[in-house]
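Trainee: Quick one: the structure is below, and I'll ask about it shortly.
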Amino acid sequence: MANVLVQGLLIGGVYGLLALGFVLVFKSSQVMNMAYGWMICILCYILFQIMVPWGIPAVAAVLLLMVAGAVISVLVERLAVRPLMGQSFLAILMMTLMLGTVIHGVIVLLWPGRIWNIPFRPQGMWAIGSIKISPDAAIAFLVALVVFLVLVLVFRYTKVGLSMRVVAADHEVAQSLGIRVNRIFSISWATSGAFAAICGVLLGMVFSIDVSLGDVALGKGLTILLVGGMTSIPGALVGGLLIGASESLGAYWVGALREIVPWLFMLFILLIRPQGLFGQKRIERI
Amino acid sequence: MLPSGVFNRNPQQDMAIVRTKTQWLLLAAGVVFLFTMVLWVPMDWKSWLITTGIYVVAVLGLHITTGLCGQFAMGHAGFMAVGGYTTAVLVEKLGWSPWITLPLSGLTAGLIGLVFGIPALRIKGFYLVMATIAAQFVILFAIKQPSWAGQGYGMRVAQVTVGGSALSQVQFWWLALAIVLAAVFFAKNIQRTSPGRQMIAVRDNDLAAEVMGINLFRTKLLAFFLGCFYAGIAGWLMAHNVRYVHPEMFSFALSLSMLGMVIVGGLGSTSGAVLGAVAMSLVQKLVEYMTPQVGKVLPSAYATSVGPALQLIVFGLVVMAFLLIEPRGIHHRVEKIKLYYRLRPFSY
């Protein structure tokens, strides 16, 4: 029981990082990037491509992957999302969903049926007291935690972070303060893309890489987003931990519950607190 | 807009969908054409016709929920699964006639749609999208559990019979077409009734609609019920067409592609929904023809995956192109062309 709970919490840290990729983009540009899951998936396959056929060492490959993630993400923003700015919410949602479909197609085309395990995942089990944990999940959790801390510091103390917060609060105010909103959009999309690369590596360490990873990542990211609140960074972490723990516990009781617990949890939160645990309540006027 | 010199002399004329004798004639000819074309099209196009018919019914349901009432329903394939499994279980396990399960499939899907529609009163926009995606996954999870529903391995479904003999493919198309025509008729007319107009008001601004005295809860639930009812009927058709139900048949990808069809056709118009479904399923068929040619160009390592990959890529690109170039869909473009020819040689 305790084993299961700890393992769930560790994976939950990675889920939290996943949700953070959505939150960053949504906070600055009010766009829900539904292609994010498939971006993570294709980045995993790009990692496979540069590590196995091309033989680039692991550290360099991960760094390259982060650059690739940032570039892909900025391209997505420029080519697909920016032309639709100001259009209805459904149009942008459909655009990113269809982009995800295209990326899915590209993965199916280039790496048909390939399943891959990331080679640098540690083996065996670590024991802390009486609790056994798998080292890949623990490392993934630590990395996720470090990224969170860095992000919080960036948002609090650097100029870029502060201007991102201003843009999130109000585009017009940001513009009149001399912040280039378009550039902040690009920066937040690029950061989110780099996060996608990190998430891909971490998820690949915990699970194995196959084509279903795209839908899995999207499902987890979105449920956490709604549980934690769409614009809240601590909400993403807390939501990730909650979802990770609850799905592990669910799977502990009945194996098949694993895939459905996050959705039920999300529906429950939607019914009692629609804005999420840490979200801001929306006030509407006619 | 009417051509110069043509007037509506009474409200009935103004309300009429089919106004002139020529239009009645064309409509009759079109229906006869649809009923007879199955006799001369090639074999693989017969099954294409039936599949397209099923898409049209399901997309019309999506048109009512999303296009008319503005409630995004992204779990539409889940409700098709409810319809399909309802008829599968009732026909196979209890031995009921498929003709009785036809309305029952729609009703069950509609009632389950009501359950998932209840949150729609409190939440909207992205939150509602998420609730309906959750509906898709919860339903697919639920139908995989009981042993009497195949536990994820699927179930065989009996053929539809008339007077003891099973329907052939051609006859099944006639049945499907009859259902499609009824579905179009009903969907076209619901938006001309009071509940339909209330739905449109809710879509345009639900707070304003509520202030005007429209019962938001009832209107939204009605939209969900009708949309899911259509999905259930489409699920019934799908189950008896394939003669098998399997959770994979009703995947999230199907929900997405139906939403793509509504977008391509044009959100909020019945003919748009029909046009979108037909156009996108035509695109799928064309990609099937294209696949061998593309396979020759690519290295042989990719030969196995070209087909499914191209389907996904082309579908995504077509919908993206529509979003960028003609966000109001084929319907709007057709109307513009019709207007141009009606007013020719004047520009307005």
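Chain labels A, B, ... are given in the sequence in which chains occur in the structure tokens; within each chain residues are numbered consecutively from 1, and ligands are likewise numbered from 1 in the order shown.
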Compile the residues of chain A that lie within 6 Å of chain B, evaluated using only C-alpha atoms, and express the compilation as a VMD selection string.

Mentor: chain A and resid 95 98 101 to 102 105 108 to 109 112 263

Trainee: Would you pick out the contacts of stretch 32-36 of chain A at 10 Å or less, using only C-alpha atoms, so that residues sharing its chain but fewer than 3 positions from it are not included, and give the list as a PyMOL selection string?

Mentor: (chain A and resi 18-19+21-27+29+39-42+73+76-77+81+89+92-104+189+192-193+196+214-215+217-219+221-222+230) or (chain B and resi 126)

Trainee: Any chance you can output those residues with N, CA and C atoms as a short mmCIF file (atom, residue, chain, number, x, y, z; two decimals), in the first residue's frame?

Mentor:
```cif
data_model
loop_
_atom_site.label_atom_id
_atom_site.label_comp_id
_atom_site.auth_asym_id
_atom_site.auth_seq_id
_atom_site.Cartn_x
_atom_site.Cartn_y
_atom_site.Cartn_z
N LEU A 18 4.20 17.79 -16.80
CA LEU A 18 3.44 17.70 -18.05
C LEU A 18 2.38 18.80 -18.10
N ALA A 19 1.63 18.91 -16.99
CA ALA A 19 0.56 19.91 -16.94
C ALA A 19 1.13 21.32 -17.01
N GLY A 21 3.47 22.38 -18.86
CA GLY A 21 3.62 22.77 -20.26
C GLY A 21 2.36 23.42 -20.79
N PHE A 22 1.18 22.89 -20.38
CA PHE A 22 -0.07 23.50 -20.80
C PHE A 22 -0.27 24.85 -20.11
N VAL A 23 0.01 24.87 -18.80
CA VAL A 23 -0.28 26.07 -18.02
C VAL A 23 0.51 27.26 -18.55
N LEU A 24 1.80 27.03 -18.87
CA LEU A 24 2.65 28.12 -19.36
C LEU A 24 2.04 28.78 -20.58
N VAL A 25 1.64 27.95 -21.55
CA VAL A 25 1.08 28.50 -22.79
C VAL A 25 -0.27 29.15 -22.52
N PHE A 26 -1.10 28.48 -21.69
CA PHE A 26 -2.44 29.00 -21.48
C PHE A 26 -2.40 30.33 -20.74
N LYS A 27 -1.50 30.44 -19.77
CA LYS A 27 -1.40 31.67 -19.01
C LYS A 27 -1.06 32.86 -19.90
N SER A 29 -0.98 33.03 -23.50
CA SER A 29 -1.69 33.32 -24.74
C SER A 29 -3.13 32.82 -24.75
N MET A 39 3.17 16.21 -29.36
CA MET A 39 4.51 16.80 -29.46
C MET A 39 5.48 16.03 -28.57
N ILE A 40 5.03 15.69 -27.35
CA ILE A 40 5.88 14.90 -26.46
C ILE A 40 6.22 13.57 -27.11
N CYS A 41 5.21 12.96 -27.73
CA CYS A 41 5.41 11.64 -28.32
C CYS A 41 6.43 11.71 -29.46
N ILE A 42 6.28 12.73 -30.34
CA ILE A 42 7.22 12.79 -31.47
C ILE A 42 8.62 13.14 -30.96
N SER A 73 7.82 23.89 -31.11
CA SER A 73 6.75 24.60 -30.42
C SER A 73 6.56 26.01 -30.97
N VAL A 76 4.90 25.82 -34.32
CA VAL A 76 3.46 25.58 -34.17
C VAL A 76 2.75 26.89 -33.87
N GLU A 77 3.32 27.66 -32.95
CA GLU A 77 2.66 28.91 -32.58
C GLU A 77 2.59 29.87 -33.76
N VAL A 81 -1.18 28.69 -34.83
CA VAL A 81 -2.04 29.31 -33.82
C VAL A 81 -2.18 30.81 -34.02
N PHE A 89 -13.03 30.18 -29.69
CA PHE A 89 -12.29 29.24 -28.89
C PHE A 89 -12.25 27.86 -29.54
N ILE A 92 -9.53 27.51 -32.41
CA ILE A 92 -8.15 27.29 -31.96
C ILE A 92 -7.99 25.90 -31.37
N LEU A 93 -9.02 25.48 -30.64
CA LEU A 93 -8.98 24.14 -30.06
C LEU A 93 -8.88 23.08 -31.16
N MET A 94 -9.72 23.23 -32.20
CA MET A 94 -9.70 22.27 -33.30
C MET A 94 -8.36 22.31 -34.01
N MET A 95 -7.82 23.52 -34.18
CA MET A 95 -6.55 23.66 -34.88
C MET A 95 -5.47 22.85 -34.18
N THR A 96 -5.35 23.01 -32.86
CA THR A 96 -4.29 22.29 -32.17
C THR A 96 -4.59 20.78 -32.14
N LEU A 97 -5.88 20.43 -32.04
CA LEU A 97 -6.21 19.00 -32.07
C LEU A 97 -5.81 18.37 -33.39
N MET A 98 -6.12 19.09 -34.48
CA MET A 98 -5.81 18.55 -35.80
C MET A 98 -4.30 18.50 -36.03
N LEU A 99 -3.61 19.48 -35.47
CA LEU A 99 -2.15 19.46 -35.53
C LEU A 99 -1.63 18.20 -34.85
N GLY A 100 -2.24 17.87 -33.70
CA GLY A 100 -1.88 16.64 -33.01
C GLY A 100 -2.11 15.43 -33.90
N THR A 101 -3.26 15.44 -34.62
CA THR A 101 -3.55 14.33 -35.53
C THR A 101 -2.48 14.20 -36.60
N VAL A 102 -2.05 15.36 -37.15
CA VAL A 102 -1.01 15.32 -38.19
C VAL A 102 0.29 14.75 -37.62
N ILE A 103 0.66 15.21 -36.41
CA ILE A 103 1.89 14.70 -35.81
C ILE A 103 1.77 13.20 -35.56
N HIS A 104 0.60 12.78 -35.11
CA HIS A 104 0.34 11.34 -34.93
C HIS A 104 0.59 10.58 -36.23
N TRP A 189 5.94 29.73 -25.49
CA TRP A 189 5.77 28.51 -26.29
C TRP A 189 7.08 27.74 -26.36
N SER A 192 7.62 25.96 -23.17
CA SER A 192 6.71 24.82 -23.10
C SER A 192 7.22 23.67 -23.98
N GLY A 193 7.80 24.01 -25.14
CA GLY A 193 8.36 22.97 -26.01
C GLY A 193 9.55 22.28 -25.37
N ALA A 196 8.31 19.95 -23.01
CA ALA A 196 7.81 18.75 -23.66
C ALA A 196 8.95 17.75 -23.84
N GLY A 214 1.20 9.52 -26.91
CA GLY A 214 0.61 10.82 -27.22
C GLY A 214 -0.71 11.03 -26.52
N ASP A 215 -1.62 10.05 -26.68
CA ASP A 215 -2.93 10.18 -26.05
C ASP A 215 -2.83 10.11 -24.54
N ALA A 217 -0.29 11.08 -22.66
CA ALA A 217 0.24 12.35 -22.14
C ALA A 217 -0.83 13.43 -22.18
N LEU A 218 -1.61 13.46 -23.28
CA LEU A 218 -2.66 14.48 -23.39
C LEU A 218 -3.71 14.28 -22.30
N GLY A 219 -4.12 13.02 -22.12
CA GLY A 219 -5.15 12.73 -21.12
C GLY A 219 -4.70 13.12 -19.73
N GLY A 221 -2.24 15.20 -18.85
CA GLY A 221 -2.01 16.64 -18.75
C GLY A 221 -3.31 17.40 -18.56
N LEU A 222 -4.34 17.05 -19.36
CA LEU A 222 -5.58 17.80 -19.30
C LEU A 222 -6.32 17.58 -17.99
N MET A 230 -6.61 26.02 -14.27
CA MET A 230 -5.92 26.14 -15.56
C MET A 230 -4.76 27.11 -15.55
N PHE B 126 -13.98 25.43 -22.24
CA PHE B 126 -12.99 24.37 -22.17
C PHE B 126 -13.37 23.32 -21.14
#
```

Trainee: So that I can check the surroundings of stretch 93-108 of chain B, please list as a PyMOL selection string every protein, DNA and RNA residue that reaches within 8 Å of it, counting only C-alpha atoms and ignoring chain neighbours fewer than 6 positions away.

Mentor: chain B and resi 82-84+86-87+148+160-161+228-233+235-236

Trainee: Name the closest residue to B:Thr65 among the candidates B:Pro11, B:Gly152, B:Pro3, B:Gly113; distances are taken between atoms, counting only C-alpha atoms.

Mentor: B:Gly113

Trainee: What does the distance from atom CA of A:Leu90 to atom CA of A:Gly200 come to in Å, to one decimal?

Mentor: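 Atom CA of A:Leu90 sits 27.3 Å away from atom CA of A:Gly200.
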
Trainee: Looking only at helix (DSSP H, G or I) from DSSP on the backbone, list the matching residues of stretch 98-197 of chain A as a ChimeraX atom specification.

Mentor: /A:98-110,135-157,159-169,171-176,181-197
